[in-house]
Amino acid sequence: MKNLNPQCIWKNFHALTQVPRPSGHLEKVQQFLLDFAKQAGVEAFKDEADNIVMRKPATPGMENRKGIILQAHMDMVPQKTPESNHNFVTDPIETWIDGEWVKAKGTTLGADNGLGVAAIMAVMEAKDLQHGPVEALITADEETGMFGANALPTGELNGDILLNLDSETWGKFVIGSAGGIDVTATLDYQEAETDPEDAAVKVTLKGLRGGHSGLEIHEGRGNANKMMVRFVREAIEECEARLACWHGGNMRNAIPFKAEVVLTLPKENVEALKELVADWKEDFTDEYKHIESGIEFFAEDVEAPKTEVPVEIQDNLINAIYGCHNGVLRMIPSYPDVVETSSNLAIIDIEGGKAALKVLARSSREDMKDCIVKTLESCFNMAGMKVETAGSYGGWDPNPDSEILNLLMKEYKELFGEDAIIQVDHAGLECSVILGKYPHLDVVSLGPTIRSPHTTTERALYATAEPFWALLKKVMVDVPVK
């Protein structure tokens with residue numbers, strides 16, 4: 001990978017893959033970036049929000065140009081295949097090249113947003129680039145709540161233009177994105193004793209594609225939690241099953257690709273339950289045959305747990321999971337190909353007297369974001385659950401008259417002989433949060449092509465890094481005068 005072009009980006013990305021940086025565990029990558037800046041001879045510091053800020057002065061004769069802030073996030077989503085033994089806190093990412101793509105072996109690649117960080121590093125260490133004043137803002141814990149952007153101090157940045165390097169399709173400039181909010185429903189319950197005569201079966205659903213809950217929510221991919229509830233409800237109705245525990249999903253912003261439940265039931269009904277599993281596997285395979293190709297759905301005999309969910313609580317929870325909105329609620333009327341409002345039932349944990357359902361809701365309209373939150377609240381409240389919201393951030397309103405956008409469009413056509421595409425994303429970008437603190441900024445998001453972020457099939461189309469780098473260099477040379 002280090003020998004791919006442009007080497008200045010790929011060698012830095014390779015170096016990043018050797019540094020563990022899952023969300024919530026950023027100490028090593030923060031020190032790595034500070035050490036890099038010291039070696040490159042540029043000013044750098046960690047701010048009070050755990051972001052890394054770098055500053056590089058203008059090259060001689062370009063001091064009068066508008067300042068550019070290059071922005072990316074340092075953390076990555078830690079997902080791995082069931083057979084992988086990878087430890088994201090201690091182990092480097094193992095990469096390989098498959099045809100046109102850079103991939104990782106059994107894990108997420110971290111190109112989201114490691115390629116953006118690598119490009120920033122390339123700018124900071126370059127000795128032959130012409131540019132005005134340049135700052136780097138490499139934010140912390142974007143993937144779990146945009147904590148670094150939300151806590152970004154005002155008065156810290158000096159630039160006039162923000163180039164966010166977290167977009168995932170080369171040739172498209174993003175000028176707007178959805179806002180989002182975390183919705184968590186919880187319920188404490190008194191466990192019931194399991195009938196000592198009952199058997200127990202663990203049912204596992206896995207092999208789904210998963211995916212980014214913003215960029216890929218409209219594709220109809222299977223949500224393991226929403227699929228599992230259909231089976232569990234029928235198992236309760238037809239096999240006298242009882243829910244002992246449920247664990248599905250592990251990241252709010254990832255469509256869950258795996259869920260497992262433990263059910264107790266009369267021993268004489270175990271074979272009927274296993275037949276039901278086989279029936280549902282056949283149904284799921286047919287239902288998702290054009291979308292999912294690796295569905296696994298199977299049952300295993302396990303030791304019966306001592307406790308289970310009381311029947312009245314169980315029924316309320318199953319109803320809440322079944323009724324919880326998941327997927328697209330509405331498309332943008334003026335951009336009918338772009339999702340406006342959605343929700344992702346990302347995580348379910350039910351065991352030991354505690355139940356938690358975690359959803360990430362998104363919308364490019366604040367009133368519709370409020371609507372989806374109230375939709376979810378209404379569902380969970382009917383089940384007697386406590387509902388809390390956190391991490392709310394607003395949408396990024398498009399500015400089609402942006403000066404930096406017009407420059408990017410002009411220079412893209414000059415370099416590549418075709419027009420770039422302007423788009424609004426349903427994925428949440430930190431631009432909206434940063435604009436809330438620095439409203440004067442002129443903002444565009446761009447980047448090389450990445451596919452299936454937040455999944456173990458994440459991959460980067462390496463040929464797109466070279467034109468991305470060429471455009472970035474040209475824009476920095478031609479950045480407008482203040």
# chains A, B, ... in the order shown; residues from 1 in each chain; ligands from 1
>>> closest_atom_pairs(of="stretch 323-343 of chain A", to="stretch 194-218 of chain A", cutoff="10 Å", atoms="only C-alpha atoms", output="CSV")
residue,atom,partner,partner_atom,distance
A:Asn326,CA,A:Ile217,CA,9.1
A:Gly327,CA,A:Ile217,CA,5.9
A:Val328,CA,A:His218,CA,6.1
A:Leu329,CA,A:His218,CA,9.7
A:Met331,CA,A:His218,CA,9.5
A:Asp337,CA,A:His218,CA,9.7
A:Val338,CA,A:His218,CA,8.9
A:Val339,CA,A:His218,CA,7.2
A:Thr341,CA,A:Gly214,CA,9.6
A:Ser342,CA,A:Ile217,CA,7.6
A:Ser343,CA,A:Ser213,CA,8.0
>>> write_last_selection(atoms="C-alpha atoms", output="PDB file, in the first residue's frame")
ATOM      1  CA  ASN A 326     -36.388   1.781  11.529  1.00  0.00           C
ATOM      2  CA  GLY A 327     -35.167   2.982   8.139  1.00  0.00           C
ATOM      3  CA  VAL A 328     -36.255   5.876   5.946  1.00  0.00           C
ATOM      4  CA  LEU A 329     -39.150   8.017   7.157  1.00  0.00           C
ATOM      5  CA  MET A 331     -37.045  11.714   1.350  1.00  0.00           C
ATOM      6  CA  ASP A 337     -33.057  10.899  -4.302  1.00  0.00           C
ATOM      7  CA  VAL A 338     -31.754  12.051  -0.898  1.00  0.00           C
ATOM      8  CA  VAL A 339     -33.037  10.772   2.440  1.00  0.00           C
ATOM      9  CA  THR A 341     -35.342  11.639   7.864  1.00  0.00           C
ATOM     10  CA  SER A 342     -34.467   8.171   9.146  1.00  0.00           C
ATOM     11  CA  SER A 343     -33.802   6.073  12.216  1.00  0.00           C
TER      12      SER A 343
END
>>> residues_around(residues="A:Thr375", least_positions_apart="5", cutoff="12 Å", atoms="only C-alpha atoms", output="PDB file with N, CA, C and O atoms, in the first residue's frame")
ATOM      1  N   VAL A 183     -31.164   8.440  20.623  1.00  0.00           N
ATOM      2  CA  VAL A 183     -32.357   8.149  21.422  1.00  0.00           C
ATOM      3  C   VAL A 183     -32.108   6.825  22.139  1.00  0.00           C
ATOM      4  O   VAL A 183     -31.797   5.815  21.499  1.00  0.00           O
ATOM      5  N   ALA A 320     -42.302  -3.177  21.635  1.00  0.00           N
ATOM      6  CA  ALA A 320     -41.553  -1.944  21.388  1.00  0.00           C
ATOM      7  C   ALA A 320     -40.542  -2.139  20.261  1.00  0.00           C
ATOM      8  O   ALA A 320     -40.390  -1.286  19.382  1.00  0.00           O
ATOM      9  N   GLY A 323     -42.454  -2.476  16.995  1.00  0.00           N
ATOM     10  CA  GLY A 323     -43.090  -1.236  16.554  1.00  0.00           C
ATOM     11  C   GLY A 323     -42.139  -0.088  16.314  1.00  0.00           C
ATOM     12  O   GLY A 323     -42.511   0.916  15.687  1.00  0.00           O
ATOM     13  N   CYS A 324     -40.909  -0.197  16.791  1.00  0.00           N
ATOM     14  CA  CYS A 324     -39.933   0.890  16.650  1.00  0.00           C
ATOM     15  C   CYS A 324     -39.669   1.190  15.174  1.00  0.00           C
ATOM     16  O   CYS A 324     -39.357   0.291  14.393  1.00  0.00           O
ATOM     17  N   HIS A 325     -39.792   2.462  14.806  1.00  0.00           N
ATOM     18  CA  HIS A 325     -39.495   2.833  13.426  1.00  0.00           C
ATOM     19  C   HIS A 325     -38.022   2.598  13.135  1.00  0.00           C
ATOM     20  O   HIS A 325     -37.143   2.945  13.924  1.00  0.00           O
ATOM     21  N   ASN A 326     -37.757   2.025  11.977  1.00  0.00           N
ATOM     22  CA  ASN A 326     -36.388   1.781  11.529  1.00  0.00           C
ATOM     23  C   ASN A 326     -36.326   1.982  10.022  1.00  0.00           C
ATOM     24  O   ASN A 326     -37.165   1.464   9.279  1.00  0.00           O
ATOM     25  N   LEU A 329     -37.824   7.470   6.874  1.00  0.00           N
ATOM     26  CA  LEU A 329     -39.150   8.017   7.157  1.00  0.00           C
ATOM     27  C   LEU A 329     -39.622   8.899   6.009  1.00  0.00           C
ATOM     28  O   LEU A 329     -40.792   8.859   5.619  1.00  0.00           O
ATOM     29  N   THR A 341     -35.162  12.043   6.473  1.00  0.00           N
ATOM     30  CA  THR A 341     -35.342  11.639   7.864  1.00  0.00           C
ATOM     31  C   THR A 341     -35.302  10.121   7.970  1.00  0.00           C
ATOM     32  O   THR A 341     -35.921   9.420   7.166  1.00  0.00           O
ATOM     33  N   SER A 342     -34.571   9.619   8.964  1.00  0.00           N
ATOM     34  CA  SER A 342     -34.467   8.171   9.146  1.00  0.00           C
ATOM     35  C   SER A 342     -34.150   7.842  10.591  1.00  0.00           C
ATOM     36  O   SER A 342     -33.812   8.719  11.392  1.00  0.00           O
ATOM     37  N   SER A 343     -34.250   6.557  10.907  1.00  0.00           N
ATOM     38  CA  SER A 343     -33.802   6.073  12.216  1.00  0.00           C
ATOM     39  C   SER A 343     -33.178   4.704  12.041  1.00  0.00           C
ATOM     40  O   SER A 343     -33.514   3.963  11.121  1.00  0.00           O
ATOM     41  N   VAL A 359     -31.009   4.013  19.501  1.00  0.00           N
ATOM     42  CA  VAL A 359     -31.358   4.408  18.135  1.00  0.00           C
ATOM     43  C   VAL A 359     -30.593   5.669  17.769  1.00  0.00           C
ATOM     44  O   VAL A 359     -30.424   6.560  18.608  1.00  0.00           O
ATOM     45  N   ALA A 361     -31.218   8.694  15.265  1.00  0.00           N
ATOM     46  CA  ALA A 361     -32.186   9.315  14.360  1.00  0.00           C
ATOM     47  C   ALA A 361     -31.505  10.461  13.622  1.00  0.00           C
ATOM     48  O   ALA A 361     -30.696  11.193  14.206  1.00  0.00           O
ATOM     49  N   MET A 368     -38.552  17.776  11.447  1.00  0.00           N
ATOM     50  CA  MET A 368     -38.698  16.353  11.199  1.00  0.00           C
ATOM     51  C   MET A 368     -37.806  15.526  12.127  1.00  0.00           C
ATOM     52  O   MET A 368     -38.132  14.379  12.459  1.00  0.00           O
ATOM     53  N   LYS A 369     -36.704  16.108  12.556  1.00  0.00           N
ATOM     54  CA  LYS A 369     -35.904  15.418  13.565  1.00  0.00           C
ATOM     55  C   LYS A 369     -36.696  15.301  14.857  1.00  0.00           C
ATOM     56  O   LYS A 369     -36.695  14.246  15.513  1.00  0.00           O
ATOM     57  N   ASP A 370     -37.399  16.367  15.201  1.00  0.00           N
ATOM     58  CA  ASP A 370     -38.275  16.325  16.377  1.00  0.00           C
ATOM     59  C   ASP A 370     -39.397  15.313  16.175  1.00  0.00           C
ATOM     60  O   ASP A 370     -39.771  14.582  17.108  1.00  0.00           O
ATOM     61  N   PHE A 380     -41.760   3.731  22.622  1.00  0.00           N
ATOM     62  CA  PHE A 380     -41.096   3.210  23.821  1.00  0.00           C
ATOM     63  C   PHE A 380     -41.882   3.517  25.096  1.00  0.00           C
ATOM     64  O   PHE A 380     -41.900   2.730  26.039  1.00  0.00           O
ATOM     65  N   ASN A 381     -42.525   4.682  25.123  1.00  0.00           N
ATOM     66  CA  ASN A 381     -43.313   5.029  26.311  1.00  0.00           C
ATOM     67  C   ASN A 381     -44.463   4.057  26.533  1.00  0.00           C
ATOM     68  O   ASN A 381     -44.823   3.747  27.671  1.00  0.00           O
ATOM     69  N   MET A 382     -45.061   3.581  25.437  1.00  0.00           N
ATOM     70  CA  MET A 382     -46.161   2.626  25.583  1.00  0.00           C
ATOM     71  C   MET A 382     -45.694   1.307  26.188  1.00  0.00           C
ATOM     72  O   MET A 382     -46.491   0.538  26.724  1.00  0.00           O
ATOM     73  N   VAL A 387     -37.193   7.219  28.244  1.00  0.00           N
ATOM     74  CA  VAL A 387     -36.562   7.636  27.000  1.00  0.00           C
ATOM     75  C   VAL A 387     -35.713   8.880  27.242  1.00  0.00           C
ATOM     76  O   VAL A 387     -36.177   9.861  27.830  1.00  0.00           O
TER      77      VAL A 387
END
>>> atom_distance(atom1="atom CA of A:Asp349", atom2="atom CA of A:Arg252")
12.7 Å
>>> residues_around(residues="A:Val424", least_positions_apart="5", cutoff="6 Å", atoms="only C-alpha atoms", output="ChimeraX atom specification")
/A:174-177
>>> write_last_selection(atoms="all heavy atoms", output="PDB file, in the first residue's frame")
ATOM      1  N   VAL A 174     -19.856  17.728  -1.323  1.00  0.00           N
ATOM      2  CA  VAL A 174     -20.986  17.777  -0.399  1.00  0.00           C
ATOM      3  C   VAL A 174     -21.078  19.182   0.188  1.00  0.00           C
ATOM      4  O   VAL A 174     -20.089  19.732   0.685  1.00  0.00           O
ATOM      5  CB  VAL A 174     -20.830  16.729   0.716  1.00  0.00           C
ATOM      6  CG1 VAL A 174     -21.964  16.831   1.728  1.00  0.00           C
ATOM      7  CG2 VAL A 174     -20.791  15.328   0.116  1.00  0.00           C
ATOM      8  N   ILE A 175     -22.278  19.749   0.131  1.00  0.00           N
ATOM      9  CA  ILE A 175     -22.477  21.108   0.644  1.00  0.00           C
ATOM     10  C   ILE A 175     -23.586  21.162   1.693  1.00  0.00           C
ATOM     11  O   ILE A 175     -24.032  22.245   2.068  1.00  0.00           O
ATOM     12  CB  ILE A 175     -22.783  22.091  -0.504  1.00  0.00           C
ATOM     13  CG1 ILE A 175     -24.089  21.719  -1.221  1.00  0.00           C
ATOM     14  CG2 ILE A 175     -21.615  22.155  -1.480  1.00  0.00           C
ATOM     15  CD1 ILE A 175     -24.577  22.799  -2.186  1.00  0.00           C
ATOM     16  N   GLY A 176     -24.029  19.998   2.163  1.00  0.00           N
ATOM     17  CA  GLY A 176     -25.055  19.962   3.199  1.00  0.00           C
ATOM     18  C   GLY A 176     -25.182  18.547   3.745  1.00  0.00           C
ATOM     19  O   GLY A 176     -24.864  17.573   3.056  1.00  0.00           O
ATOM     20  N   SER A 177     -25.634  18.423   4.986  1.00  0.00           N
ATOM     21  CA  SER A 177     -25.788  17.095   5.580  1.00  0.00           C
ATOM     22  C   SER A 177     -26.866  17.135   6.643  1.00  0.00           C
ATOM     23  O   SER A 177     -27.294  18.201   7.095  1.00  0.00           O
ATOM     24  CB  SER A 177     -24.463  16.613   6.199  1.00  0.00           C
ATOM     25  OG  SER A 177     -24.053  17.470   7.252  1.00  0.00           O
TER      26      SER A 177
END
>>> closest_atom_pairs(of="stretch 138-179 of chain A", to="stretch 53-72 of chain A", cutoff="10 Å", atoms="only C-alpha atoms", output="Markdown table")
| residue | atom | partner | partner_atom | distance |
| --- | --- | --- | --- | --- |
| A:Ile138 | CA | A:Ala72 | CA | 5.0 |
| A:Thr139 | CA | A:Ala72 | CA | 6.4 |
| A:Ala140 | CA | A:Ala72 | CA | 9.3 |
| A:Glu142 | CA | A:Ala72 | CA | 9.2 |
| A:Glu156 | CA | A:Val53 | CA | 8.9 |
| A:Leu157 | CA | A:Ile69 | CA | 8.0 |
| A:Asn158 | CA | A:Gly67 | CA | 7.1 |
| A:Gly159 | CA | A:Gly67 | CA | 4.2 |
| A:Asp160 | CA | A:Gly67 | CA | 5.2 |
| A:Ile161 | CA | A:Ile68 | CA | 4.8 |
| A:Leu162 | CA | A:Ile69 | CA | 4.7 |
| A:Leu163 | CA | A:Leu70 | CA | 5.1 |
| A:Asn164 | CA | A:Gln71 | CA | 4.7 |
| A:Leu165 | CA | A:Ala72 | CA | 5.5 |
| A:Asp166 | CA | A:Ala72 | CA | 6.1 |
| A:Ser167 | CA | A:Ala72 | CA | 9.8 |
>>> residues_around(residues="stretch 230-238 of chain A", least_positions_apart="3", cutoff="10 Å", atoms="only C-alpha atoms", output="list in words")
Val203, Asn225, Lys226, Met227, Ala241, Arg242, Leu243, Val261, Val262, Leu263, Thr264, Leu265, Asn269, Ala272, Leu273, Lys274, Leu276, Val277, Asp279, Trp280, Lys281, Val311, Gln314, Asp315, Ile318, Asn319, Ile321 and Tyr322 of chain A
